[in-house]
Amino acid sequence: MDADQILDQCEATAEQRKWVMERLQRKNDAQAARAIGLHPDSVYKWLNKQALNRAVELLLADAVAAARLVLKDSAVEAAQTLKRHLLGRKGVEAANSILDRTGVHAVKETKHQHSGTLNIDVRERLVGRIARLAALDDQDAAAEEPDG
(Lines give C-alpha, C1' and ligand atoms only; values in the text may rest on other atoms or scores of the structure.)
Protein backbone atom coordinates (compact mmCIF):
# COMPACT_ATOMS: atom_id res chain seq x y z
CA MET A 1 0.00 0.00 0.00
CA ASP A 2 1.43 3.41 -0.90
CA ALA A 3 1.40 6.60 1.19
CA ASP A 4 -1.60 8.12 -0.58
CA GLN A 5 -3.68 5.00 0.02
CA ILE A 6 -2.71 4.94 3.68
CA LEU A 7 -3.67 8.61 4.10
CA ASP A 8 -6.89 8.13 2.12
CA GLN A 9 -7.93 5.42 4.58
CA CYS A 10 -7.46 7.93 7.41
CA GLU A 11 -9.60 10.46 5.54
CA ALA A 12 -6.74 12.90 6.14
CA THR A 13 -7.24 16.54 5.25
CA ALA A 14 -4.56 18.49 3.37
CA GLU A 15 -3.36 19.93 6.69
CA GLN A 16 -3.22 16.47 8.25
CA ARG A 17 -1.26 15.15 5.28
CA LYS A 18 1.29 17.93 5.83
CA TRP A 19 1.46 17.00 9.49
CA VAL A 20 2.05 13.31 8.68
CA MET A 21 4.83 14.27 6.26
CA GLU A 22 6.45 16.43 8.94
CA ARG A 23 5.91 13.76 11.59
CA LEU A 24 8.01 11.35 9.55
CA GLN A 25 10.92 13.77 9.89
CA ARG A 26 10.42 15.00 13.49
CA LYS A 27 10.91 13.42 16.91
CA ASN A 28 7.36 13.92 18.13
CA ASP A 29 3.84 15.15 17.34
CA ALA A 30 4.38 18.60 18.85
CA GLN A 31 7.46 19.33 16.73
CA ALA A 32 5.60 18.27 13.58
CA ALA A 33 2.63 20.46 14.52
CA ARG A 34 4.83 23.52 15.09
CA ALA A 35 6.67 22.88 11.82
CA ILE A 36 3.43 23.43 9.89
CA GLY A 37 2.25 26.32 12.04
CA LEU A 38 -0.20 24.49 14.28
CA HIS A 39 -0.45 24.44 18.05
CA PRO A 40 0.18 20.89 19.28
CA ASP A 41 -3.19 20.85 21.10
CA SER A 42 -4.94 21.20 17.72
CA VAL A 43 -3.30 18.02 16.50
CA TYR A 44 -4.14 16.07 19.64
CA LYS A 45 -7.83 17.01 19.21
CA TRP A 46 -8.18 15.61 15.68
CA LEU A 47 -10.95 13.03 15.63
CA ASN A 48 -8.91 10.75 13.35
CA LYS A 49 -5.66 11.19 15.34
CA GLN A 50 -5.42 7.49 16.16
CA ALA A 51 -5.68 6.60 12.45
CA LEU A 52 -3.07 9.25 11.61
CA ASN A 53 -0.72 7.80 14.24
CA ARG A 54 -1.16 4.40 12.61
CA ALA A 55 -0.41 5.95 9.21
CA VAL A 56 2.82 7.39 10.63
CA GLU A 57 3.75 3.98 12.02
CA LEU A 58 3.07 2.26 8.69
CA LEU A 59 5.01 4.85 6.75
CA LEU A 60 7.96 4.70 9.13
CA ALA A 61 7.95 0.91 8.76
CA ASP A 62 7.95 1.30 4.96
CA ALA A 63 10.89 3.58 4.32
CA VAL A 64 10.26 3.62 0.57
CA ALA A 65 6.67 4.86 0.96
CA ALA A 66 7.81 7.47 3.48
CA ALA A 67 10.60 8.65 1.17
CA ARG A 68 8.18 8.92 -1.76
CA LEU A 69 5.84 11.05 0.37
CA VAL A 70 8.68 13.40 1.33
CA LEU A 71 9.91 13.63 -2.27
CA LYS A 72 6.39 14.19 -3.58
CA ASP A 73 6.05 17.12 -1.19
CA SER A 74 9.44 18.44 -2.34
CA ALA A 75 8.47 18.27 -6.03
CA VAL A 76 6.57 21.56 -5.79
CA GLU A 77 9.63 23.26 -4.31
CA ALA A 78 11.79 21.70 -7.03
CA ALA A 79 9.54 23.09 -9.74
CA GLN A 80 9.61 26.51 -8.07
CA THR A 81 13.41 26.36 -7.96
CA LEU A 82 13.49 25.62 -11.65
CA LYS A 83 11.09 28.49 -12.26
CA ARG A 84 13.22 30.96 -10.36
CA HIS A 85 16.33 29.55 -12.05
CA LEU A 86 18.31 32.11 -10.07
CA LEU A 87 19.86 29.82 -7.51
CA GLY A 88 22.77 28.83 -9.71
CA ARG A 89 23.87 25.43 -10.91
CA LYS A 90 23.62 23.65 -7.52
CA GLY A 91 19.98 24.66 -7.02
CA VAL A 92 19.01 23.49 -10.48
CA GLU A 93 20.86 20.19 -9.97
CA ALA A 94 18.97 19.61 -6.71
CA ALA A 95 15.65 20.46 -8.37
CA ASN A 96 16.41 18.09 -11.25
CA SER A 97 17.33 15.35 -8.79
CA ILE A 98 13.99 15.71 -7.00
CA LEU A 99 12.09 15.76 -10.30
CA ASP A 100 13.92 12.57 -11.37
CA ARG A 101 12.79 10.85 -8.21
CA THR A 102 9.19 11.94 -8.66
CA GLY A 103 8.87 10.64 -12.20
CA VAL A 104 9.82 13.52 -14.53
CA HIS A 105 12.22 11.80 -16.90
CA ALA A 106 15.06 13.65 -18.55
CA VAL A 107 15.32 11.96 -21.93
CA LYS A 108 12.65 10.88 -24.38
CA GLU A 109 13.56 8.75 -27.37
CA THR A 110 11.75 9.15 -30.67
CA LYS A 111 12.25 7.08 -33.83
CA HIS A 112 12.83 8.96 -37.10
CA GLN A 113 12.32 7.30 -40.45
CA HIS A 114 15.69 8.32 -41.92
CA SER A 115 17.89 9.41 -39.06
CA GLY A 116 17.54 6.61 -36.49
CA THR A 117 17.02 7.49 -32.82
CA LEU A 118 16.82 11.13 -31.84
CA ASN A 119 17.26 12.00 -28.15
CA ILE A 120 15.23 14.99 -27.04
CA ASP A 121 16.12 16.40 -23.66
CA VAL A 122 12.66 17.01 -22.25
CA ARG A 123 14.03 18.55 -19.08
CA GLU A 124 15.94 21.20 -21.02
CA ARG A 125 12.73 22.16 -22.81
CA LEU A 126 10.92 22.23 -19.47
CA VAL A 127 13.63 24.35 -17.84
CA GLY A 128 13.54 26.72 -20.82
CA ARG A 129 9.79 27.11 -20.56
CA ILE A 130 9.95 27.65 -16.80
CA ALA A 131 12.74 30.20 -17.23
CA ARG A 132 10.63 32.08 -19.80
CA LEU A 133 7.66 32.02 -17.41
CA ALA A 134 9.88 33.29 -14.59
CA ALA A 135 11.09 36.12 -16.83
CA LEU A 136 7.49 37.04 -17.64
CA ASP A 137 6.63 36.96 -13.92
CA ASP A 138 9.59 39.25 -13.22
CA GLN A 139 8.42 41.65 -15.95
CA ASP A 140 4.87 41.61 -14.53
CA ALA A 141 6.17 42.27 -11.02
CA ALA A 142 8.35 45.15 -12.26
CA ALA A 143 5.40 46.64 -14.13
CA GLU A 144 3.27 46.50 -10.97
CA GLU A 145 5.82 48.39 -8.84
CA PRO A 146 4.88 52.03 -8.20
CA ASP A 147 7.04 54.66 -9.86
CA GLY A 148 8.23 55.88 -6.43
# chains A, B, ... in the order shown; residues from 1 in each chain; ligands from 1
$ residues_around --residues "segment 69-75 of chain A" --least-positions-apart "6" --cutoff "9 Å" --atoms "only C-alpha atoms" --output "count of residues only"
14
$ closest_residue --among "A:Ala51, A:Ala33, A:Ala12, A:Ala94" --to "Ala79 of chain A" --atoms "only C-alpha atoms"
A:Ala94
$ atom_distance --atom1 "atom CA of Asp100 of chain A" --atom2 "atom CA of Asp62 of chain A"
20.7 Å
$ closest_residue --among "A:Arg54, A:Leu7, A:Gln16, A:Ala65" --to "Ser42 of chain A" --atoms "only C-alpha atoms"
A:Gln16
